[in-house]
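S.K.: Sending over run_34.csv (CSV, C-alpha atoms).
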```csv
chain,number,residue,atom,x,y,z
Y,1,MET,CA,-14.3,230.1,-104.3
Y,2,ARG,CA,-17.4,228.0,-105.2
Y,3,THR,CA,-17.3,224.5,-106.7
Y,4,GLU,CA,-18.6,225.7,-110.1
Y,5,GLU,CA,-16.0,228.5,-110.3
Y,6,ALA,CA,-13.3,226.0,-109.4
Y,7,ARG,CA,-14.5,223.6,-112.0
Y,8,ALA,CA,-14.5,226.3,-114.7
Y,9,LYS,CA,-11.0,227.4,-113.7
Y,10,THR,CA,-9.7,223.8,-113.8
Y,11,ILE,CA,-11.1,223.3,-117.3
Y,12,GLU,CA,-9.6,226.6,-118.4
Y,13,ARG,CA,-6.2,225.7,-117.0
Y,14,LEU,CA,-6.2,222.3,-118.7
Y,15,GLU,CA,-7.2,223.8,-122.0
Y,16,ARG,CA,-4.5,226.5,-121.7
Y,17,GLU,CA,-1.9,223.7,-121.3
Y,18,GLY,CA,-3.2,221.8,-124.3
Y,19,ILE,CA,-4.8,218.9,-122.3
Y,20,VAL,CA,-8.0,217.9,-124.0
Y,21,LEU,CA,-11.1,216.8,-122.1
Y,22,ARG,CA,-14.2,215.4,-123.6
Y,23,GLY,CA,-17.5,217.2,-122.8
Y,24,ASP,CA,-18.6,214.5,-120.3
Y,25,GLU,CA,-15.2,214.6,-118.6
Y,26,LYS,CA,-15.6,218.4,-118.1
Y,27,GLU,CA,-18.9,217.8,-116.4
Y,28,ARG,CA,-17.4,215.3,-114.0
Y,29,VAL,CA,-14.3,217.3,-113.0
Y,30,GLU,CA,-14.2,216.7,-109.3
Y,31,VAL,CA,-13.7,219.6,-106.9
Y,32,ALA,CA,-12.7,218.4,-103.4
Y,33,ASP,CA,-12.8,220.9,-100.5
Y,34,PHE,CA,-12.4,218.0,-98.0
Y,35,GLY,CA,-15.3,219.4,-96.1
Y,36,LEU,CA,-13.3,222.3,-94.7
Y,37,GLY,CA,-14.9,225.1,-96.7
Y,38,ARG,CA,-11.6,226.8,-97.5
Y,39,LEU,CA,-11.3,225.6,-101.1
Y,40,GLY,CA,-9.0,228.3,-102.4
Y,41,GLU,CA,-6.4,227.3,-99.7
Y,42,ILE,CA,-7.2,223.6,-99.1
Y,43,GLY,CA,-8.6,221.7,-102.0
Y,44,LEU,CA,-7.9,219.7,-105.1
Y,45,GLN,CA,-9.4,219.5,-108.6
Y,46,LEU,CA,-9.1,216.3,-110.6
Y,47,VAL,CA,-10.4,214.3,-113.5
Y,48,VAL,CA,-10.1,210.5,-113.4
Y,49,TYR,CA,-9.3,209.1,-116.8
Y,50,VAL,CA,-9.5,205.4,-115.7
Y,51,ASN,CA,-9.7,203.5,-112.5
Y,52,ASN,CA,-10.2,199.8,-112.8
Y,53,SER,CA,-9.1,196.7,-110.8
Y,54,ARG,CA,-5.5,197.0,-112.0
Y,55,TYR,CA,-4.5,200.6,-112.4
Y,56,CYS,CA,-5.7,204.2,-112.2
Y,57,ALA,CA,-4.8,207.5,-114.0
Y,58,LYS,CA,-5.9,211.0,-113.2
Y,59,GLU,CA,-5.1,214.6,-114.0
Y,60,MET,CA,-4.9,216.9,-111.0
Y,61,VAL,CA,-5.0,220.7,-110.9
Y,62,LEU,CA,-4.0,222.9,-108.0
Y,63,PHE,CA,-4.6,226.6,-107.9
Y,64,PRO,CA,-1.7,228.9,-106.7
Y,65,HIS,CA,-0.6,227.9,-103.2
Y,66,GLN,CA,-3.6,225.5,-102.9
Y,67,THR,CA,-2.8,222.6,-100.6
Y,68,CYS,CA,-4.0,219.0,-100.7
Y,69,PRO,CA,-4.0,218.0,-97.0
Y,70,GLU,CA,-1.9,215.3,-95.4
Y,71,HIS,CA,-3.2,211.7,-95.9
Y,72,CYS,CA,-2.1,208.2,-96.6
Y,73,HIS,CA,-3.6,205.3,-98.5
Y,74,PRO,CA,-3.8,202.3,-96.1
Y,75,PRO,CA,-3.8,198.6,-97.1
Y,76,VAL,CA,-7.0,197.5,-98.8
Y,77,ASP,CA,-8.7,194.1,-98.9
Y,78,GLY,CA,-5.6,192.4,-97.5
Y,79,GLY,CA,-3.4,193.8,-100.3
Y,80,GLU,CA,-0.9,196.7,-100.2
Y,81,GLY,CA,-2.0,200.3,-100.0
Y,82,LYS,CA,-2.2,202.5,-103.1
Y,83,MET,CA,1.1,203.4,-104.7
Y,84,GLU,CA,1.2,206.5,-106.8
Y,85,THR,CA,3.5,208.4,-109.1
Y,86,PHE,CA,3.1,212.2,-109.4
Y,87,ARG,CA,4.3,213.7,-112.7
Y,88,CYS,CA,4.4,217.5,-112.7
Y,89,ARG,CA,3.2,218.6,-116.2
Y,90,HIS,CA,3.0,222.4,-115.7
Y,91,GLY,CA,3.6,224.9,-112.9
Y,92,LYS,CA,5.4,223.7,-109.7
Y,93,VAL,CA,4.3,221.4,-106.9
Y,94,TYR,CA,6.0,220.9,-103.6
Y,95,LEU,CA,5.4,217.4,-102.2
Y,96,TYR,CA,6.0,216.5,-98.6
Y,97,VAL,CA,6.5,212.9,-97.5
Y,98,GLU,CA,7.8,211.0,-94.5
Y,99,GLY,CA,11.5,211.3,-93.9
Y,100,GLU,CA,14.0,213.8,-92.5
Y,101,ASP,CA,12.5,217.3,-92.5
Y,102,THR,CA,13.9,219.6,-95.2
Y,103,THR,CA,15.5,222.7,-93.8
Y,104,GLY,CA,14.2,225.9,-95.3
Y,105,ARG,CA,11.3,224.3,-97.1
Y,106,ASN,CA,9.2,226.3,-99.6
Y,107,CYS,CA,5.7,225.9,-98.2
Y,108,ASP,CA,3.9,226.2,-94.9
Y,109,PRO,CA,0.8,224.2,-94.0
Y,110,PRO,CA,-2.5,226.1,-94.1
Y,111,ALA,CA,-2.8,228.6,-91.3
Y,112,GLY,CA,-4.4,227.2,-88.1
Y,113,ASN,CA,-4.0,223.6,-89.4
Y,114,GLU,CA,-0.3,223.1,-88.6
Y,115,GLU,CA,-0.9,220.2,-86.3
Y,116,TYR,CA,-2.3,218.1,-89.1
Y,117,TYR,CA,0.8,218.4,-91.2
Y,118,THR,CA,3.3,216.1,-89.7
Y,119,VAL,CA,5.7,215.1,-92.5
Y,120,GLY,CA,8.2,217.5,-93.9
Y,121,ARG,CA,10.6,216.0,-96.4
Y,122,GLU,CA,10.3,218.2,-99.4
Y,123,ILE,CA,10.3,217.0,-103.0
Y,124,ALA,CA,10.1,220.0,-105.4
Y,125,LEU,CA,8.6,219.0,-108.8
Y,126,SER,CA,9.0,221.1,-111.9
Y,127,PRO,CA,7.5,220.2,-115.3
Y,128,GLY,CA,8.9,216.8,-116.3
Y,129,ASP,CA,9.8,215.8,-112.8
Y,130,GLN,CA,8.1,212.9,-111.1
Y,131,PHE,CA,8.1,211.1,-107.8
Y,132,THR,CA,6.7,207.8,-106.7
Y,133,ILE,CA,5.1,207.7,-103.2
Y,134,PRO,CA,5.3,204.2,-101.6
Y,135,ALA,CA,2.2,202.6,-100.2
Y,136,SER,CA,1.0,203.7,-96.8
Y,137,THR,CA,3.3,206.8,-96.7
Y,138,LYS,CA,1.9,210.0,-95.3
Y,139,HIS,CA,2.0,212.9,-97.8
Y,140,TRP,CA,0.7,216.3,-98.6
Y,141,PHE,CA,1.3,218.8,-101.4
Y,142,GLN,CA,1.0,222.4,-102.3
Y,143,ALA,CA,1.3,224.3,-105.6
Y,144,GLY,CA,3.7,227.2,-106.2
Y,145,SER,CA,2.6,230.6,-107.3
Y,146,SER,CA,1.4,229.7,-110.7
Y,147,GLY,CA,-0.6,226.6,-109.6
Y,148,ALA,CA,0.2,223.1,-111.0
Y,149,VAL,CA,-1.0,220.4,-113.3
Y,150,ILE,CA,0.0,217.0,-112.2
Y,151,SER,CA,-0.6,213.6,-113.8
Y,152,GLU,CA,-1.1,210.8,-111.3
Y,153,PHE,CA,-0.4,207.2,-112.3
Y,154,SER,CA,-1.2,204.6,-109.7
Y,155,SER,CA,-2.5,201.3,-108.5
Y,156,PRO,CA,-6.3,201.3,-108.2
Y,157,SER,CA,-7.7,204.3,-106.4
Y,158,ARG,CA,-10.3,204.2,-103.6
Y,159,ASP,CA,-10.3,207.8,-102.4
Y,160,GLU,CA,-13.1,207.1,-99.8
Y,161,LEU,CA,-10.6,205.0,-97.8
Y,162,ASP,CA,-7.9,207.6,-97.6
Y,163,VAL,CA,-6.9,208.4,-94.0
Y,164,PHE,CA,-6.4,212.1,-93.3
Y,165,THR,CA,-4.4,213.4,-90.4
Y,166,ASN,CA,-7.0,216.1,-89.8
Y,167,PRO,CA,-10.0,214.2,-88.3
Y,168,ALA,CA,-12.4,217.0,-89.5
Y,169,ILE,CA,-11.8,216.1,-93.1
Y,170,GLU,CA,-14.5,214.4,-95.1
Y,171,ARG,CA,-13.5,213.1,-98.5
X,1,MET,CA,14.0,207.1,-141.4
X,2,ARG,CA,16.8,206.5,-139.0
X,3,THR,CA,16.5,206.0,-135.3
X,4,GLU,CA,18.1,209.3,-134.4
X,5,GLU,CA,15.9,211.2,-136.8
X,6,ALA,CA,12.8,209.5,-135.4
X,7,ARG,CA,13.9,210.4,-131.8
X,8,ALA,CA,14.4,214.0,-132.8
X,9,LYS,CA,11.0,214.1,-134.5
X,10,THR,CA,9.3,212.5,-131.4
X,11,ILE,CA,10.8,215.1,-129.0
X,12,GLU,CA,9.8,217.9,-131.4
X,13,ARG,CA,6.2,216.6,-131.6
X,14,LEU,CA,5.9,216.3,-127.8
X,15,GLU,CA,7.4,219.8,-127.3
X,16,ARG,CA,5.0,221.2,-129.8
X,17,GLU,CA,2.1,219.7,-127.9
X,18,GLY,CA,3.3,221.1,-124.6
X,19,ILE,CA,4.4,217.8,-123.1
X,20,VAL,CA,7.6,218.3,-121.2
X,21,LEU,CA,10.4,215.7,-121.0
X,22,ARG,CA,13.5,216.0,-118.8
X,23,GLY,CA,16.9,215.8,-120.6
X,24,ASP,CA,17.4,212.2,-119.5
X,25,GLU,CA,14.0,211.2,-120.8
X,26,LYS,CA,14.7,212.7,-124.2
X,27,GLU,CA,17.8,210.5,-124.4
X,28,ARG,CA,15.9,207.4,-123.7
X,29,VAL,CA,13.0,207.9,-126.0
X,30,GLU,CA,12.6,204.5,-127.5
X,31,VAL,CA,12.3,204.0,-131.2
X,32,ALA,CA,10.9,200.6,-132.2
X,33,ASP,CA,11.1,199.4,-135.8
X,34,PHE,CA,10.2,195.9,-134.7
X,35,GLY,CA,13.2,194.5,-136.7
X,36,LEU,CA,11.4,195.1,-140.0
X,37,GLY,CA,13.5,198.1,-141.2
X,38,ARG,CA,10.5,200.0,-142.4
X,39,LEU,CA,10.3,202.5,-139.5
X,40,GLY,CA,8.3,205.2,-141.3
X,41,GLU,CA,5.5,202.8,-142.0
X,42,ILE,CA,5.8,200.2,-139.2
X,43,GLY,CA,7.1,201.6,-135.9
X,44,LEU,CA,6.4,203.2,-132.6
X,45,GLN,CA,8.1,205.9,-130.5
X,46,LEU,CA,7.6,206.0,-126.8
X,47,VAL,CA,8.9,207.2,-123.5
X,48,VAL,CA,8.1,205.2,-120.4
X,49,TYR,CA,7.4,207.4,-117.4
X,50,VAL,CA,7.0,204.6,-114.8
X,51,ASN,CA,6.9,200.9,-114.9
X,52,ASN,CA,6.9,199.2,-111.6
X,53,SER,CA,5.4,196.0,-110.1
X,54,ARG,CA,1.9,197.6,-109.9
X,55,TYR,CA,1.3,199.9,-112.9
X,56,CYS,CA,2.9,201.5,-116.0
X,57,ALA,CA,2.5,204.8,-117.8
X,58,LYS,CA,4.0,205.8,-121.2
X,59,GLU,CA,3.7,208.5,-123.8
X,60,MET,CA,3.6,207.1,-127.3
X,61,VAL,CA,4.1,209.0,-130.6
X,62,LEU,CA,3.1,207.8,-134.1
X,63,PHE,CA,4.2,209.6,-137.2
X,64,PRO,CA,1.5,210.1,-140.0
X,65,HIS,CA,0.1,206.8,-141.0
X,66,GLN,CA,2.7,204.9,-139.1
X,67,THR,CA,1.4,201.5,-137.8
X,68,CYS,CA,2.2,199.6,-134.6
X,69,PRO,CA,1.9,196.0,-135.7
X,70,GLU,CA,-0.6,193.5,-134.4
X,71,HIS,CA,0.2,191.8,-131.1
X,72,CYS,CA,-1.2,190.7,-127.8
X,73,HIS,CA,0.0,190.6,-124.2
X,74,PRO,CA,-0.2,187.1,-122.9
X,75,PRO,CA,-0.7,186.0,-119.3
X,76,VAL,CA,2.6,186.5,-117.3
X,77,ASP,CA,3.8,184.6,-114.2
X,78,GLY,CA,0.5,182.9,-113.7
X,79,GLY,CA,-1.3,186.2,-113.6
X,80,GLU,CA,-3.4,188.0,-116.2
X,81,GLY,CA,-1.9,189.6,-119.3
X,82,LYS,CA,-1.3,193.3,-119.6
X,83,MET,CA,-4.4,195.5,-119.7
X,84,GLU,CA,-4.0,198.9,-121.2
X,85,THR,CA,-5.9,202.1,-121.7
X,86,PHE,CA,-5.0,204.3,-124.7
X,87,ARG,CA,-5.9,207.9,-124.4
X,88,CYS,CA,-5.5,210.0,-127.5
X,89,ARG,CA,-4.0,213.4,-126.6
X,90,HIS,CA,-3.3,214.9,-130.1
X,91,GLY,CA,-3.9,213.9,-133.7
X,92,LYS,CA,-5.9,210.8,-134.5
X,93,VAL,CA,-5.4,207.1,-134.0
X,94,TYR,CA,-7.3,204.2,-135.3
X,95,LEU,CA,-7.2,201.1,-133.1
X,96,TYR,CA,-8.1,197.7,-134.3
X,97,VAL,CA,-9.1,195.0,-131.9
X,98,GLU,CA,-10.8,191.6,-131.8
X,99,GLY,CA,-14.6,191.6,-132.7
X,100,GLU,CA,-16.7,192.1,-135.7
X,101,ASP,CA,-14.8,193.7,-138.6
X,102,THR,CA,-15.8,197.3,-139.2
X,103,THR,CA,-17.2,198.0,-142.6
X,104,GLY,CA,-15.4,200.7,-144.5
X,105,ARG,CA,-12.6,201.1,-142.0
X,106,ASN,CA,-10.1,204.0,-142.3
X,107,CYS,CA,-6.8,202.2,-142.4
X,108,ASP,CA,-5.2,199.4,-144.3
X,109,PRO,CA,-2.4,197.2,-142.9
X,110,PRO,CA,1.1,197.9,-144.2
X,111,ALA,CA,1.5,196.7,-147.8
X,112,GLY,CA,2.7,193.2,-148.2
X,113,ASN,CA,2.0,192.4,-144.5
X,114,GLU,CA,-1.7,192.0,-144.7
X,115,GLU,CA,-1.7,188.4,-143.5
X,116,TYR,CA,-0.3,189.5,-140.1
X,117,TYR,CA,-3.2,191.9,-139.4
X,118,THR,CA,-6.1,189.6,-138.5
X,119,VAL,CA,-8.4,191.8,-136.3
X,120,GLY,CA,-10.5,194.5,-137.8
X,121,ARG,CA,-12.9,196.1,-135.3
X,122,GLU,CA,-12.1,199.8,-135.6
X,123,ILE,CA,-12.0,202.2,-132.7
X,124,ALA,CA,-11.3,205.7,-133.9
X,125,LEU,CA,-9.8,207.9,-131.2
X,126,SER,CA,-9.7,211.7,-131.4
X,127,PRO,CA,-8.1,213.9,-128.7
X,128,GLY,CA,-9.8,213.2,-125.3
X,129,ASP,CA,-11.1,209.8,-126.5
X,130,GLN,CA,-9.8,206.6,-124.8
X,131,PHE,CA,-10.3,202.9,-125.0
X,132,THR,CA,-9.3,200.1,-122.7
X,133,ILE,CA,-7.9,196.9,-124.3
X,134,PRO,CA,-8.7,193.8,-122.2
X,135,ALA,CA,-5.9,191.4,-121.4
X,136,SER,CA,-4.8,188.9,-124.1
X,137,THR,CA,-6.7,190.7,-126.9
X,138,LYS,CA,-5.0,191.1,-130.2
X,139,HIS,CA,-4.7,194.7,-131.4
X,140,TRP,CA,-2.9,197.0,-133.8
X,141,PHE,CA,-3.1,200.7,-134.4
X,142,GLN,CA,-2.3,203.3,-137.0
X,143,ALA,CA,-2.1,207.1,-136.9
X,144,GLY,CA,-4.1,209.4,-139.1
X,145,SER,CA,-2.6,212.0,-141.5
X,146,SER,CA,-1.2,214.2,-138.7
X,147,GLY,CA,0.3,211.5,-136.6
X,148,ALA,CA,-0.8,211.0,-133.0
X,149,VAL,CA,0.3,211.4,-129.4
X,150,ILE,CA,-1.2,208.7,-127.1
X,151,SER,CA,-0.9,208.3,-123.3
X,152,GLU,CA,-0.9,204.7,-122.2
X,153,PHE,CA,-2.0,203.7,-118.7
X,154,SER,CA,-1.7,200.1,-117.9
X,155,SER,CA,-0.8,197.2,-115.6
X,156,PRO,CA,2.9,196.5,-115.6
X,157,SER,CA,4.6,196.3,-119.0
X,158,ARG,CA,6.9,193.6,-120.2
X,159,ASP,CA,7.3,194.4,-123.8
X,160,GLU,CA,9.8,191.6,-124.4
X,161,LEU,CA,6.9,189.1,-123.9
X,162,ASP,CA,4.6,190.6,-126.4
X,163,VAL,CA,3.4,188.1,-129.0
X,164,PHE,CA,3.3,189.5,-132.5
X,165,THR,CA,1.2,188.0,-135.3
X,166,ASN,CA,4.1,188.4,-137.7
X,167,PRO,CA,6.8,185.9,-136.7
X,168,ALA,CA,9.5,188.0,-138.3
X,169,ILE,CA,9.1,190.7,-135.7
X,170,GLU,CA,11.7,191.2,-133.0
X,171,ARG,CA,10.8,193.6,-130.1
```
Turn the structure described in the file into C-alpha cells.

M.R.:
Amino acid sequence: MRTEEARAKTIERLEREGIVLRGDEKERVEVADFGLGRLGEIGLQLVVYVNNSRYCAKEMVLFPHQTCPEHCHPPVDGGEGKMETFRCRHGKVYLYVEGEDTTGRNCDPPAGNEEYYTVGREIALSPGDQFTIPASTKHWFQAGSSGAVISEFSSPSRDELDVFTNPAIER
Amino acid sequence: MRTEEARAKTIERLEREGIVLRGDEKERVEVADFGLGRLGEIGLQLVVYVNNSRYCAKEMVLFPHQTCPEHCHPPVDGGEGKMETFRCRHGKVYLYVEGEDTTGRNCDPPAGNEEYYTVGREIALSPGDQFTIPASTKHWFQAGSSGAVISEFSSPSRDELDVFTNPAIER
C-alpha cells in the first residue's frame, strides 16, 4: 500500500465513523511506515488535533491486522516520559505492554520481526474501552480484523524521540 | 428538565453520533446545572474519559441554545491555570473569550444574567473546528439550534476551583 492510498483509506474510515476532519487536517493525515516498507502490516495512520507544551490529542487509525511496532517514550528534558491513554472508538485493538505474558493471546508480531516484540501482556480494547500506558513502558499494538479507530490523549508528544525495539526503524 | 432526563438525552445524543460509552460511563455522565435550577438554559453535560496529573480529556454535550456560564480556570498549586482545547464534533458551538467584542454576535447571555457575561469575542465552531483557550482566560459558550458535541483536551482538570463570574453559581 502506498502513502496516498493509506491516507485516502484513513479519511474514508474516519468519515464512515462520523469523525469530522477539516480540509487542512485531511491533507496532513500522517502515514507512518516506520521506514520498513511494509505499511499494510507495520504502520500507523494518525491526525494530531493538538500538541502543545501541556497536552496532546490525536486520532489514530489502524487497518485490519496492522501493527504499530514496539516502542517506548523515554524521559525528556529532565521530566517524565510521555504518558498516554488509548481510547478505542471503533473496531478492536490489542495492546501489548510490560508485565506477565498473556496466555493464548490474540495477535502475533509481524512475521520475521518476532525478536523486536518483547512485551506480551495483552489488553484487548473494544469500543468504549481505554487504557493508560505509564511513562517509559514498552508497548505495541495491533488491530483486529476490522481495523480500529483509537483516540489518544496524552502528555506532550515528541514522536521523534520514541525508542523502538527494532533498530532498523526510522520514525 | 431534570437531571435524569438530561443524562438520558446526553447518552442518546452521543449514541446518535456514533460515540460509544461503556455502561459505567453512562452512569456517571455528569449533569451540571451550576446551582441555578435552569438546566435547559444554563447547564452542561459531560463525561470525563481521563483526568490524571498530566492531562485530561472529556466529551461535552450541550442541548440546543444551552449555555455554559462564564468562568475561568485560575492558577493552581503555584502552576499555571488549566489550558483547554475545544474541538467541535457535531452541531455548532459559539465560544466567547476575552478580546475585542464581536459585532453582531450570534448568541445572547441567558435572560436576566447579562451582567455575569462580560467577554464577547466570538469564536464560532462547526464540526472539525477547534480553539485553544489560554490559561486564566474568561470564557463562556452556547450551542446553536441543534445542540453540540464537543471534545475537550486539556491540562489536568479541577472543576471545583473554577471561578464563575456569577457569584451565585455552585459547581

S.K.: Define the interface residues of chain Y facing chain X as those within 6 Å, counting all atoms listed in the file, and report them as number ranges by chain.

M.R.: Y: 20-22, 54-55, 128, 155

S.K.: Go ahead and write the residues just picked, C-alpha atoms, as a CSV table (one decimal), in the coordinates of the input.

M.R.:
```csv
chain,number,residue,atom,x,y,z
Y,20,VAL,CA,-8.0,217.9,-124.0
Y,21,LEU,CA,-11.1,216.8,-122.1
Y,22,ARG,CA,-14.2,215.4,-123.6
Y,54,ARG,CA,-5.5,197.0,-112.0
Y,55,TYR,CA,-4.5,200.6,-112.4
Y,128,GLY,CA,8.9,216.8,-116.3
Y,155,SER,CA,-2.5,201.3,-108.5
```

S.K.: Taking (1.0, 204.1, -139.3) as a centre in this file's frame and 6 Å as the limit, can you find every polymer residue with an atom that close, using only C-alpha atoms, and give them as number ranges by chain?

M.R.: X: 41, 65-67, 142-143

S.K.: Nearest to Asp159 in chain X: which of X:Val76, X:Met1, X:Ile11, X:Ala6 is it, counting only C-alpha atoms?

M.R.: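 Checking each candidate against Asp159 in chain X, we get X:Val76 as the closest.
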
S.K.: What's the separation between CA of Lys138 in chain X and CA of Tyr117 in chain X, in Å to one decimal place?

M.R.: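 We find that CA of Lys138 in chain X and CA of Tyr117 in chain X lie 9.4 Å from each other.
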
S.K.: Just the number, please: distance in Å from CA of Pro64 in chain Y to CA of Gly91 in chain Y, one decimal.

M.R.: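 For CA of Pro64 in chain Y relative to CA of Gly91 in chain Y, the distance reads 9.1 Å.
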
S.K.: Taking 2 positions as the minimum chain separation for residues in the same chain, which residues sit within 8 Å of Glu160 in chain X when counting all atoms listed in the file? Answer as a list in words.

M.R.: Arg158, Asp162 and Arg171 of chain X

S.K.: Write a file of the just-selected residues containing C-alpha atoms, as a short mmCIF file (atom, residue, chain, number, x, y, z; two decimals), keeping the file's coordinate frame.

M.R.:
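So the final result, stored in again-v5.cif, reads:
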```cif
data_model
loop_
_atom_site.label_atom_id
_atom_site.label_comp_id
_atom_site.auth_asym_id
_atom_site.auth_seq_id
_atom_site.Cartn_x
_atom_site.Cartn_y
_atom_site.Cartn_z
CA ARG X 158 6.90 193.60 -120.20
CA ASP X 162 4.60 190.60 -126.40
CA ARG X 171 10.80 193.60 -130.10
#
```

S.K.: For each of Y:Glu100, Y:Glu115, Y:Asp33, Y:Glu59, take the minimum atom-to-atom distance to Ile169 in chain Y, counting only C-alpha atoms, then give the residue where this is smallest.

M.R.: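 The shortest atom-to-atom distance to Ile169 in chain Y comes from Y:Asp33.
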
S.K.: Would you list the contacts of Thr3 in chain X as a list of chain:residue names, taking every protein, DNA or RNA residue within 12 Å and counting all atoms listed in the file, but skipping same-chain residues closer than 4 positions in sequence?

M.R.: X:Arg7, X:Ala8, X:Lys9, X:Thr10, X:Glu27, X:Arg28, X:Val29, X:Glu30, X:Val31, X:Ala32, X:Asp33, X:Phe34, X:Gly37, X:Arg38, X:Leu39, X:Gly40, X:Gly43, X:Leu44, X:Gln45

S.K.: Would you kindly return, as a PyMOL selection string, each protein, DNA or RNA residue with an atom no farther than 8 Å from any atom of Val97 in chain Y, considering all atoms listed in the file and excluding same-chain residues fewer than 3 positions away?

M.R.: chain Y and resi 119-123+133+137-140

S.K.: In Å, rounded to a single decimal, give me how far CA of Leu95 in chain X is from CA of Leu125 in chain X.

M.R.: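 Pair CA of Leu125 in chain X / CA of Leu95 in chain X returns 7.5 Å.
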
S.K.: Excluding Thr165 in chain Y and its own-chain neighbours fewer than 2 positions away, which residues fall within 8 Å of it when counting only C-alpha atoms? Please give them as a list in words.

M.R.: Glu70, His71, Tyr116, Tyr117, Val163 and Pro167 of chain Y
